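Novice: Coordinates in start.txt, compact mmCIF, C-alpha atoms, are listed below.
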```txt
# COMPACT_ATOMS: atom_id res chain seq x y z
CA MET A 1 -67.43 -38.24 94.28
CA ALA A 2 -65.22 -36.90 91.50
CA GLY A 3 -62.21 -37.88 93.61
CA TYR A 4 -63.59 -41.35 94.04
CA GLU A 5 -64.13 -41.65 90.27
CA ASP A 6 -60.53 -40.58 89.68
CA LYS A 7 -59.20 -43.27 91.97
CA MET A 8 -61.45 -46.03 90.68
CA ILE A 9 -59.43 -48.82 89.07
CA ARG A 10 -60.61 -49.64 85.59
CA VAL A 11 -60.28 -52.87 83.66
CA ARG A 12 -57.79 -51.19 81.32
CA ASP A 13 -55.45 -50.58 84.28
CA VAL A 14 -54.97 -54.29 85.01
CA MET A 15 -55.80 -56.25 81.86
CA SER A 16 -53.29 -58.04 79.65
CA ARG A 17 -53.15 -56.27 76.31
CA GLN A 18 -51.31 -59.06 74.56
CA VAL A 19 -54.13 -61.16 73.12
CA PHE A 20 -53.57 -64.33 71.18
CA THR A 21 -56.66 -65.27 69.21
CA VAL A 22 -57.55 -68.33 67.17
CA SER A 23 -59.96 -68.94 64.34
CA PRO A 24 -62.99 -71.26 64.57
CA THR A 25 -61.37 -73.57 62.03
CA ASP A 26 -58.10 -73.95 63.92
CA THR A 27 -57.59 -77.38 65.45
CA ALA A 28 -57.38 -78.38 69.09
CA GLN A 29 -53.78 -79.37 68.38
CA SER A 30 -52.80 -75.97 67.01
CA VAL A 31 -54.48 -74.17 69.92
CA ALA A 32 -52.61 -76.42 72.35
CA ARG A 33 -49.33 -75.55 70.59
CA LEU A 34 -50.13 -71.85 70.90
CA MET A 35 -50.96 -72.21 74.60
CA ALA A 36 -47.72 -74.11 75.22
CA GLU A 37 -45.69 -71.40 73.51
CA THR A 38 -47.35 -68.38 75.07
CA GLY A 39 -48.24 -69.74 78.51
CA VAL A 40 -51.85 -68.57 78.26
CA GLY A 41 -54.70 -70.83 79.31
CA ALA A 42 -57.52 -69.18 77.36
CA VAL A 43 -57.70 -67.73 73.87
CA PRO A 44 -60.58 -65.80 72.33
CA VAL A 45 -61.97 -67.14 69.06
CA GLU A 46 -62.31 -64.48 66.37
CA THR A 47 -63.82 -64.36 62.92
CA PRO A 48 -60.88 -64.34 60.50
CA GLY A 49 -60.66 -61.11 58.56
CA VAL A 50 -63.40 -59.47 60.62
CA GLY A 51 -62.00 -59.74 64.11
CA THR A 52 -65.31 -60.07 65.93
CA ILE A 53 -65.05 -62.25 68.99
CA LEU A 54 -67.23 -65.33 68.70
CA GLY A 55 -66.24 -67.27 71.79
CA ILE A 56 -63.37 -68.54 73.89
CA VAL A 57 -61.36 -71.74 74.26
CA THR A 58 -59.59 -72.74 77.45
CA ASP A 59 -57.00 -75.40 78.15
CA ARG A 60 -59.68 -77.13 80.19
CA ASP A 61 -61.98 -77.26 77.14
CA ILE A 62 -59.28 -79.14 75.24
CA VAL A 63 -58.85 -81.61 78.08
CA THR A 64 -62.52 -82.20 78.85
CA SER A 65 -64.20 -81.73 75.47
CA VAL A 66 -61.59 -83.20 73.16
CA VAL A 67 -59.14 -85.50 74.96
CA ALA A 68 -61.58 -86.94 77.52
CA GLN A 69 -64.21 -87.52 74.82
CA GLY A 70 -61.71 -89.36 72.66
CA LEU A 71 -62.01 -86.84 69.84
CA SER A 72 -59.23 -86.31 67.36
CA SER A 73 -56.61 -83.63 67.97
CA SER A 74 -57.66 -82.23 64.60
CA THR A 75 -61.12 -81.38 65.98
CA ALA A 76 -61.98 -77.83 64.93
CA VAL A 77 -62.29 -75.11 67.54
CA PHE A 78 -65.90 -74.32 66.60
CA GLU A 79 -66.87 -77.82 67.75
CA PHE A 80 -65.82 -77.33 71.35
CA MET A 81 -65.44 -73.60 72.02
CA THR A 82 -67.66 -71.73 74.42
CA VAL A 83 -69.82 -69.58 72.18
CA ALA A 84 -70.30 -65.92 73.10
CA ALA A 85 -67.45 -65.43 75.53
CA GLU A 86 -68.34 -63.32 78.54
CA SER A 87 -66.83 -59.92 78.04
CA CYS A 88 -66.33 -56.50 79.53
CA GLU A 89 -65.02 -53.17 78.30
CA GLU A 90 -61.79 -51.33 79.05
CA ASP A 91 -63.64 -48.53 80.81
CA ASP A 92 -65.60 -50.84 83.08
CA SER A 93 -64.65 -50.64 86.73
CA LEU A 94 -62.71 -53.48 88.25
CA LEU A 95 -65.61 -53.97 90.63
CA LEU A 96 -68.01 -54.55 87.73
CA ALA A 97 -65.67 -57.09 86.12
CA ALA A 98 -65.21 -58.83 89.47
CA GLN A 99 -68.96 -58.95 90.00
CA LYS A 100 -69.41 -60.56 86.60
CA MET A 101 -66.77 -63.20 87.31
CA HIS A 102 -68.34 -63.87 90.68
CA ASP A 103 -71.87 -64.22 89.32
CA LEU A 104 -70.89 -66.34 86.33
CA ARG A 105 -68.25 -68.37 88.23
CA ILE A 106 -65.56 -67.70 85.65
CA ARG A 107 -61.93 -66.63 85.98
CA ARG A 108 -61.45 -64.61 82.81
CA LEU A 109 -63.28 -62.03 80.75
CA VAL A 110 -62.45 -60.99 77.22
CA VAL A 111 -62.05 -57.21 77.06
CA VAL A 112 -63.68 -55.92 73.87
CA ASN A 113 -63.71 -52.55 72.17
CA GLY A 114 -66.62 -50.85 70.42
CA LYS A 115 -66.34 -53.15 67.39
CA ARG A 116 -66.33 -56.23 69.61
CA HIS A 117 -62.70 -56.87 68.73
CA ALA A 118 -60.50 -58.26 71.49
CA ALA A 119 -58.59 -55.49 73.25
CA GLY A 120 -57.27 -57.68 76.03
CA ILE A 121 -58.03 -60.28 78.66
CA VAL A 122 -58.67 -59.67 82.32
CA ALA A 123 -58.13 -62.63 84.61
CA LEU A 124 -58.91 -63.24 88.25
CA GLY A 125 -55.17 -63.05 88.90
CA ASP A 126 -55.08 -59.50 87.49
CA ILE A 127 -57.86 -58.48 89.87
CA SER A 128 -56.18 -60.16 92.82
CA ARG A 129 -52.91 -58.34 92.16
CA ALA A 130 -54.67 -54.98 92.05
CA ASN A 131 -57.06 -55.67 94.89
CA PRO A 132 -56.41 -58.89 96.85
CA GLU A 133 -59.57 -58.51 98.90
CA LEU A 134 -61.77 -58.22 95.82
CA GLY A 135 -59.95 -61.14 94.21
CA GLY A 136 -60.62 -63.22 97.31
CA LEU A 137 -64.32 -62.44 97.14
CA VAL A 138 -64.49 -63.49 93.51
CA LEU A 139 -62.65 -66.72 94.26
CA GLU A 140 -65.04 -67.42 97.11
CA GLY A 141 -67.93 -66.91 94.71
CA ILE A 142 -66.42 -69.19 92.10
CA ASN A 143 -65.92 -71.94 94.66
CA ARG A 144 -69.37 -71.66 96.22
CA PRO A 145 -71.56 -74.74 95.82
CA ALA A 146 -73.60 -74.72 92.65
CA PRO A 147 -77.31 -74.09 93.21
CA VAL A 148 -79.18 -77.36 93.44
CA ASP A 149 -82.37 -77.64 91.52
CA THR A 150 -84.74 -78.79 94.21
CA GLN A 151 -87.50 -79.59 91.79
CA LEU A 152 -88.28 -83.30 91.77
CA GLU A 153 -87.95 -85.25 88.59
CA GLY A 154 -91.20 -85.45 86.68
CA MET A 155 -92.71 -82.44 88.45
CA SER A 156 -93.22 -79.08 86.91
CA THR A 157 -94.15 -75.70 88.26
CA CYS A 158 -97.54 -74.34 87.39
CA MET B 1 -45.44 -61.23 66.86
CA LEU B 2 -47.50 -64.39 67.25
CA THR B 3 -50.69 -62.38 67.56
CA GLN B 4 -50.79 -62.10 63.76
CA ASP B 5 -51.89 -65.27 62.06
CA ARG B 6 -52.56 -66.03 58.42
CA LEU B 7 -54.58 -69.13 57.56
CA TRP B 8 -53.57 -71.28 54.62
CA SER B 9 -55.86 -72.33 51.80
CA GLU B 10 -55.42 -75.95 52.79
CA ALA B 11 -54.00 -77.87 55.74
CA VAL B 12 -50.72 -79.76 55.61
CA ILE B 13 -50.63 -83.04 57.49
CA LEU B 14 -47.28 -84.44 58.53
CA GLU B 15 -46.78 -87.97 59.74
CA ALA B 16 -43.76 -89.35 61.57
CA GLY B 17 -44.09 -93.01 62.41
CA GLU B 18 -47.39 -94.53 63.42
CA ASN B 19 -48.28 -92.37 66.36
CA ARG B 20 -47.33 -88.84 65.45
CA VAL B 21 -49.39 -86.57 63.25
CA LEU B 22 -48.97 -82.80 63.00
CA ARG B 23 -51.82 -80.97 61.31
CA VAL B 24 -50.88 -77.44 60.32
CA GLN B 25 -53.09 -74.86 58.66
CA SER B 26 -51.62 -71.51 59.50
CA THR B 27 -48.35 -69.67 59.33
CA ARG B 28 -48.22 -69.08 63.07
CA ASP B 29 -48.77 -72.76 63.71
CA ALA B 30 -46.10 -73.72 61.18
CA PHE B 31 -43.69 -71.36 62.94
CA LEU B 32 -44.42 -73.03 66.29
CA CYS B 33 -43.99 -76.51 64.82
CA LEU B 34 -40.63 -75.56 63.31
CA LYS B 35 -39.54 -73.98 66.57
CA ASN B 36 -40.79 -76.51 69.12
CA HIS B 37 -41.74 -79.80 67.48
CA TRP B 38 -39.22 -80.33 64.74
CA PRO B 39 -37.10 -83.49 64.59
CA ILE B 40 -33.99 -81.83 63.16
CA ALA B 41 -32.13 -78.95 64.78
CA ASP B 42 -31.04 -77.25 61.58
CA GLY B 43 -31.36 -77.48 57.84
CA GLU B 44 -31.47 -75.24 54.81
CA ALA B 45 -35.17 -75.79 54.12
CA LYS B 46 -35.96 -75.30 57.81
CA ARG B 47 -34.17 -71.94 57.82
CA ASP B 48 -35.97 -70.90 54.63
CA ALA B 49 -39.31 -71.91 56.11
CA PHE B 50 -38.63 -69.94 59.31
CA ALA B 51 -37.79 -66.87 57.23
CA ALA B 52 -40.92 -67.31 55.09
CA CYS B 53 -43.13 -67.66 58.18
CA GLU B 54 -41.67 -64.48 59.68
CA ARG B 55 -42.28 -62.53 56.48
CA VAL B 56 -45.89 -63.71 56.30
CA ILE B 57 -46.56 -63.03 59.97
CA ASP B 58 -45.15 -59.54 59.45
CA GLY B 59 -47.52 -59.09 56.49
CA ASP B 60 -44.70 -58.95 53.94
CA ASP B 61 -45.63 -62.07 52.00
CA GLU B 62 -48.58 -64.31 51.16
CA PRO B 63 -49.57 -67.24 53.42
CA ASP B 64 -49.06 -69.85 50.73
CA VAL B 65 -45.39 -68.86 50.45
CA ALA B 66 -44.95 -70.02 54.04
CA ARG B 67 -46.97 -73.14 53.29
CA THR B 68 -44.77 -74.13 50.34
CA ALA B 69 -41.59 -73.49 52.34
CA PHE B 70 -43.02 -75.46 55.26
CA ILE B 71 -43.69 -78.48 53.03
CA LYS B 72 -40.06 -78.39 51.78
CA ALA B 73 -38.83 -78.24 55.37
CA ALA B 74 -41.06 -81.19 56.27
CA GLU B 75 -39.62 -83.22 53.42
CA GLU B 76 -36.12 -82.30 54.58
CA ALA B 77 -37.04 -83.55 58.06
CA GLN B 78 -38.32 -86.77 56.49
CA PHE B 79 -41.92 -86.33 57.52
CA SER B 80 -44.46 -88.06 55.34
CA VAL B 81 -46.32 -85.07 53.87
CA HIS B 82 -50.03 -85.21 53.03
CA SER B 83 -51.30 -82.30 51.00
CA TRP B 84 -53.44 -82.06 47.91
CA THR B 85 -51.59 -79.08 46.55
CA GLY B 86 -48.01 -79.86 47.72
```
Give the structure from this file in structure tokens form.

Specialist:
Amino acid sequence: MAGYEDKMIRVRDVMSRQVFTVSPTDTAQSVARLMAETGVGAVPVETPGVGTILGIVTDRDIVTSVVAQGLSSSTAVFEFMTVAAESCEEDDSLLLAAQKMHDLRIRRLVVVNGKRHAAGIVALGDISRANPELGGLVLEGINRPAPVDTQLEGMSTC
Amino acid sequence: MLTQDRLWSEAVILEAGENRVLRVQSTRDAFLCLKNHWPIADGEAKRDAFAACERVIDGDDEPDVARTAFIKAAEEAQFSVHSWTG
């Protein structure tokens, strides 16, 4: 068992340590500029001066929640970010992170330290590079049909 | 280096023509605008603003130093500058 533990891949082994964060008062336009420069598609939102992670913004959020809604490019991040970004810790096993992505149907997790500051980002691509089979399973889970609520309109359970 | 950002006390809004508006409120964002979205390739104020942004991002100067330099660079590039505290 000890040998197995030694060989277990941890999140810290595959995550990207270069994290670009934005503040809740940054604009959609400035986040888009940062994404264009750095090539990242998701940036954690942190409390300025404190560093606590409040949420996450993806390139898709900008497209669907700002551009598609006809909102101004100066819309503040706090108006369209996903609050409480799903996270994991550096010492978590890759399997645990993969399970979380699978269950929540997401492609990225913010890696946080003990103070809930961003320590990195782990993406599905990072998992796939380390363990293609595991990455494939996560992708399969992400692409599975969403559960359909079979309850009829106007009816409630008792 | 771009992981360090310093917010400004107030946004600077630059207009070029009818359809282009750049809203900038941080040193990192100003640096990216100067680098990637600037209408002139070179200029004294642009160089000064770049240097000011780098100092602030490195923690060697205050954010509003970069903001002031950025406004001068915007005027040099003939943007219409909107700022209460120019």

Novice: Give me, as a PyMOL selection string, the contact residues of chain B against chain A at a cut-off of 12 Å, counting all atoms listed in the file.

Specialist: chain B and resi 1-13+20-37

Novice: Smallest atom-to-atom distance to A:Ala97: which of A:Pro44, A:Gly135, A:Gly114, A:Gly55, using only C-alpha atoms?

Specialist: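 Closest residue, counting only C-alpha atoms: A:Gly135.
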
Novice: I want to know what sits within 9 Å of A:Leu109, based on only C-alpha atoms, with residues of the same chain fewer than 3 positions away left out; could you give that as JSON, numbers by chain?

Specialist: {"A": [85, 86, 87, 88, 97, 100, 101, 106, 120, 121, 122, 123, 124]}

Novice: What does the structure give for the distance between atom CA of A:Leu54 and atom CA of A:Val83, in Å to one decimal?

Specialist: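 Between these atoms lies a distance of 6.1 Å.
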
Novice: Measure the distance from atom CA of B:Cys53 to atom CA of B:Ala66 in Å and round it to one decimal.

Specialist: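 Going from atom CA of B:Cys53 over to atom CA of B:Ala66 covers 5.1 Å.
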
Novice: As an exercise, work out the distance from atom CA of A:Arg116 to atom CA of A:Thr52 in Å and give it to one decimal place.

Specialist: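 About the pair atom CA of A:Arg116 and atom CA of A:Thr52: they are 5.4 Å apart.
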
Novice: Mind listing as a list of chain:residue names all residues within 10 Å of (-69.9, -75.8, 76.3), counting only C-alpha atoms?

Specialist: A:Val57, A:Asp61, A:Ser65, A:Glu79, A:Phe80, A:Met81, A:Thr82, A:Val83

Novice: Once you have the residues from the selection above, write them out as a tab-separated table (two decimals), keeping the file's coordinate frame, restricted to C-alpha atoms.

Specialist:
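Produced file result27.tsv, reproduced below:
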```tsv
chain	number	residue	atom	x	y	z
A	57	VAL	CA	-61.36	-71.74	74.26
A	61	ASP	CA	-61.98	-77.26	77.14
A	65	SER	CA	-64.20	-81.73	75.47
A	79	GLU	CA	-66.87	-77.82	67.75
A	80	PHE	CA	-65.82	-77.33	71.35
A	81	MET	CA	-65.44	-73.60	72.02
A	82	THR	CA	-67.66	-71.73	74.42
A	83	VAL	CA	-69.82	-69.58	72.18
```

Novice: Find the residue from A:Val14, A:Ala118, A:Val112, A:Ala98 that sits nearest to A:Gly136; use all atoms listed in the file when measuring.

Specialist: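 Closest to A:Gly136 of all the choices is A:Ala98.
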
Novice: Which one of A:Val50, A:Ala119, A:Met15, A:Ile62 sits closest to A:Met35 if you count only C-alpha atoms?

Specialist: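 Closest residue, counting only C-alpha atoms: A:Ile62.
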
Novice: Rank B:His82, B:Lys72, B:Arg55, B:Arg67 by their smallest atom-to-atom distance to B:Gly43, using all atoms listed in the file, and report the top residue only.

Specialist: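 Among B:His82, B:Lys72, B:Arg55, B:Arg67, it is B:Lys72 that comes nearest to B:Gly43.
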
Novice: Using all atoms listed in the file, find the one residue out of A:Glu90, A:Glu133, A:Asp126, A:Asp59 that sits nearest to A:Asn113.

Specialist: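 The answer is A:Glu90, which sits nearest to A:Asn113.
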
Novice: How would you write as a PyMOL selection string the residues that get within 12 Å of (-40.8, -68.1, 55.0) in the file's frame, counting all atoms listed in the file?

Specialist: chain B and resi 27-28+30-31+34+44-73

Novice: Between A:Ile127, A:Val138, A:Ala32, A:Met8, single out the one closest to A:Arg60, counting all atoms listed in the file.

Specialist: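 Between A:Ile127, A:Val138, A:Ala32, A:Met8, the residue approaching A:Arg60 most closely is A:Ala32.
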